[in-house]
Number of protein chains: 2
Amino acid sequence: MASTTRANAGTKGVARAEREQQILDVACRAFGSAGYAGTSVADIAEAAGISKPLIYNYFGSKEGLHAVCVQHAAATLWAEFERSSRSGTIGLARALVTLDGMFTALGPQPWMWRLVFDPTAPRDGAGHEALLDYERRLFALGEDGVGELMQAAGNTDSGDTSAMHAVWESAFRALVNWWLDHPDVTPQAMTERCLRIFGTVFGDVDLSDLGEPGVARRRASEHSDRLTRA
Amino acid sequence: MASTTRANAGTKGVARAEREQQILDVACRAFGSAGYAGTSVADIAEAAGISKPLIYNYFGSKEGLHAVCVQHAAATLWAEFERSSRSGTIGLARALVTLDGMFTALGPQPWMWRLVFDPTAPRDGAGHEALLDYERRLFALGEDGVGELMQAAGNTDSGDTSAMHAVWESAFRALVNWWLDHPDVTPQAMTERCLRIFGTVFGDVDLSDLGEPGVARRRASEHSDRLTRA
DNA sequence: TTGATATGACTCGCGGGTAAGTTACCACAA
DNA sequence: TTGTGGTAACTTACCCGCGAGTCATATCAA
């Protein structure tokens, strides 16, 4: 027994890489649920079962930790968007494929969404840069589709296109948010709902553009194993 | 000169009601610009040219002050929505009239918008109640229009209607936000832009529903004097 | 003199961040 | 096999600024 001081320190035999990953998981859930401002480093430390200074040792600062979380989330979501853009579909069909991919990707980790669209996140630093980058690429992707639509309708006003794009992104977010607020609805059912909504708004959607109606679902399930991991 | 102590207190001859109004104006701008979390009571006191304890004397707490601001903003915006709903138009025409009314109402006081849609606002208390009430009424108003649209399209699924409603509200907010981000665009020009966008999305809008294209603008300018006060 | 209007100078908790020390593990010498 | 030093993993206990909220006090008008 010797000199059993009441100190509780000392290694627990967990390697840095492993501990970092563990902290990251907890932090993503926390930031994605309560937002950046609503989450304290002490909260994360407690949830991860470690002490605060360890987080500062490994990530430097609250903002540094958050930046890594955001980069991870942005990369994940962006990968999904890019995959959809390679689906070979265009116009509304591609929109549907993208929505479907989002539902499937977010199913096991819904907090990722709020992590990226957190209004309380800091307006500078590495995390913000990552988000700006993500938004820029997303913007370019969406601008194509909206541009096509506007041109097909004979409208070439750049202001109109810009506003229209804002509306489209907002509608996209609204559909995802609605789905996140209705956890009972399966991704499949939600995609079908989106299809019906598109039909209502745009008149009957030309399904020949879409190939077959099931294409979105099939492509998504091809990758669903890969996505259900985390 | 007598005993000129360096104390700076004492009344400045401003009546409580007047001072409260003055504080309120400053607070609305502050909360509406930097958000609830991003605004300190000291900030407001300094901007109003008074000291912090006076605010606590008159409004009890930061949340109390914020609640009054929110109630004011919600009432103002709601009045505009209700006026639009009495315009006699229906469907897309009413949507246009409502948007036009918002642009005109927000022109002289754009911060009102963020005051109502502030993600950093407290989730309880009188201000939150006022917002919930406002949202409920807004919801009922929007549900009508969306319900009509869905029914006309032969879709009676309540989930579809709910999601559709979320999309509509989101699109509405996106248009207003876009406009707030482009201060050079006049309300008139923005309303015309919305008309063109509606035309692009829904196919050519039936303008007979709308009466004449200028109806929104005319009704709004009737009241523009009343709105440009604050 | 009384009450309304006003303020300087506090208290206090919360949360980001840090200094200094403690323990376990591991490579290597005896 | 058993010391022994070095390092990586970890914690306790603190600092410090910021912002909400308060107290005692001061001035003036009626």
# chains A, B, ... in the order shown; residues from 1 in each chain; ligands from 1
>>> closest_atom_pairs(of="chain A", to="chain B", cutoff="8 Å", atoms="only C-alpha atoms", output="JSON lines")
{"residue": "A:Pro119", "atom": "CA", "partner": "B:Pro119", "partner_atom": "CA", "distance": 7.0}
{"residue": "A:Thr120", "atom": "CA", "partner": "B:Thr120", "partner_atom": "CA", "distance": 7.4}
{"residue": "A:Met150", "atom": "CA", "partner": "B:Thr200", "partner_atom": "CA", "distance": 6.8}
{"residue": "A:Ala153", "atom": "CA", "partner": "B:Thr200", "partner_atom": "CA", "distance": 5.9}
{"residue": "A:Asn155", "atom": "CA", "partner": "B:Thr200", "partner_atom": "CA", "distance": 7.8}
{"residue": "A:Asp160", "atom": "CA", "partner": "B:Arg193", "partner_atom": "CA", "distance": 6.2}
{"residue": "A:Ala163", "atom": "CA", "partner": "B:Trp178", "partner_atom": "CA", "distance": 6.3}
{"residue": "A:Met164", "atom": "CA", "partner": "B:Ile197", "partner_atom": "CA", "distance": 6.7}
{"residue": "A:Ala166", "atom": "CA", "partner": "B:Ala174", "partner_atom": "CA", "distance": 6.1}
{"residue": "A:Val167", "atom": "CA", "partner": "B:Ala171", "partner_atom": "CA", "distance": 5.1}
{"residue": "A:Trp168", "atom": "CA", "partner": "B:Ala171", "partner_atom": "CA", "distance": 7.6}
{"residue": "A:Ser170", "atom": "CA", "partner": "B:Ser170", "partner_atom": "CA", "distance": 5.9}
{"residue": "A:Ala171", "atom": "CA", "partner": "B:Val167", "partner_atom": "CA", "distance": 5.1}
{"residue": "A:Phe172", "atom": "CA", "partner": "B:Val167", "partner_atom": "CA", "distance": 8.0}
{"residue": "A:Ala174", "atom": "CA", "partner": "B:Val167", "partner_atom": "CA", "distance": 5.4}
{"residue": "A:Leu175", "atom": "CA", "partner": "B:Val167", "partner_atom": "CA", "distance": 6.5}
{"residue": "A:Trp178", "atom": "CA", "partner": "B:Ala163", "partner_atom": "CA", "distance": 6.2}
{"residue": "A:Arg193", "atom": "CA", "partner": "B:Asp160", "partner_atom": "CA", "distance": 6.2}
{"residue": "A:Arg196", "atom": "CA", "partner": "B:Asp160", "partner_atom": "CA", "distance": 7.7}
{"residue": "A:Ile197", "atom": "CA", "partner": "B:Met164", "partner_atom": "CA", "distance": 6.7}
{"residue": "A:Thr200", "atom": "CA", "partner": "B:Ala153", "partner_atom": "CA", "distance": 5.9}
{"residue": "A:Val201", "atom": "CA", "partner": "B:Phe202", "partner_atom": "CA", "distance": 6.2}
{"residue": "A:Phe202", "atom": "CA", "partner": "B:Phe202", "partner_atom": "CA", "distance": 5.5}
{"residue": "A:Gly203", "atom": "CA", "partner": "B:Phe202", "partner_atom": "CA", "distance": 7.3}
>>> residues_around(residues="region 123-140 of chain B", least_positions_apart="3", cutoff="8 Å", atoms="only C-alpha atoms (C1' of nucleotides)", output="JSON list (two decimals) with N, CA and C atoms, in the first residue's frame")
[["chain", "number", "residue", "atom", "x", "y", "z"],
["B", 63, "GLU", "N", -33.99, 39.26, -19.68],
["B", 63, "GLU", "CA", -35.04, 38.50, -20.35],
["B", 63, "GLU", "C", -36.35, 39.30, -20.40],
["B", 64, "GLY", "N", -36.62, 40.04, -19.31],
["B", 64, "GLY", "CA", -37.82, 40.86, -19.30],
["B", 64, "GLY", "C", -37.81, 41.92, -20.39],
["B", 66, "HIS", "N", -36.03, 41.79, -23.12],
["B", 66, "HIS", "CA", -36.11, 41.10, -24.39],
["B", 66, "HIS", "C", -37.55, 40.70, -24.71],
["B", 67, "ALA", "N", -38.26, 40.26, -23.68],
["B", 67, "ALA", "CA", -39.65, 39.84, -23.90],
["B", 67, "ALA", "C", -40.48, 40.99, -24.47],
["B", 68, "VAL", "N", -40.31, 42.18, -23.91],
["B", 68, "VAL", "CA", -41.07, 43.32, -24.41],
["B", 68, "VAL", "C", -40.71, 43.61, -25.87],
["B", 70, "VAL", "N", -39.62, 41.49, -28.08],
["B", 70, "VAL", "CA", -40.17, 40.43, -28.92],
["B", 70, "VAL", "C", -41.67, 40.61, -29.10],
["B", 71, "GLN", "N", -42.33, 40.94, -28.01],
["B", 71, "GLN", "CA", -43.78, 41.14, -28.12],
["B", 71, "GLN", "C", -44.10, 42.25, -29.10],
["B", 74, "ALA", "N", -43.31, 40.92, -32.67],
["B", 74, "ALA", "CA", -44.28, 39.92, -33.10],
["B", 74, "ALA", "C", -45.61, 40.60, -33.43],
["B", 75, "ALA", "N", -46.00, 41.53, -32.61],
["B", 75, "ALA", "CA", -47.27, 42.22, -32.86],
["B", 75, "ALA", "C", -47.21, 42.99, -34.18],
["B", 78, "TRP", "N", -47.17, 40.49, -37.06],
["B", 78, "TRP", "CA", -48.45, 39.82, -37.15],
["B", 78, "TRP", "C", -49.51, 40.74, -37.75],
["B", 81, "PHE", "N", -49.20, 40.53, -41.36],
["B", 81, "PHE", "CA", -49.73, 39.28, -41.92],
["B", 81, "PHE", "C", -51.24, 39.32, -41.97],
["B", 116, "VAL", "N", -37.46, 38.34, -34.24],
["B", 116, "VAL", "CA", -38.46, 37.27, -34.14],
["B", 116, "VAL", "C", -37.84, 35.90, -34.42],
["B", 143, "GLU", "N", -51.34, 27.36, -43.03],
["B", 143, "GLU", "CA", -51.93, 26.03, -43.24],
["B", 143, "GLU", "C", -53.11, 26.11, -44.21],
["B", 144, "ASP", "N", -53.88, 27.16, -44.10],
["B", 144, "ASP", "CA", -55.00, 27.34, -45.03],
["B", 144, "ASP", "C", -54.52, 27.33, -46.47]]
>>> atom_distance(atom1="CA of Glu20 (chain B)", atom2="CA of Trp111 (chain B)")
19.0 Å
>>> atom_distance(atom1="CA of Ser33 (chain B)", atom2="C1' of DG13 (chain C)")
27.3 Å
>>> atom_distance(atom1="CA of Pro108 (chain A)", atom2="CA of Pro122 (chain A)")
26.2 Å
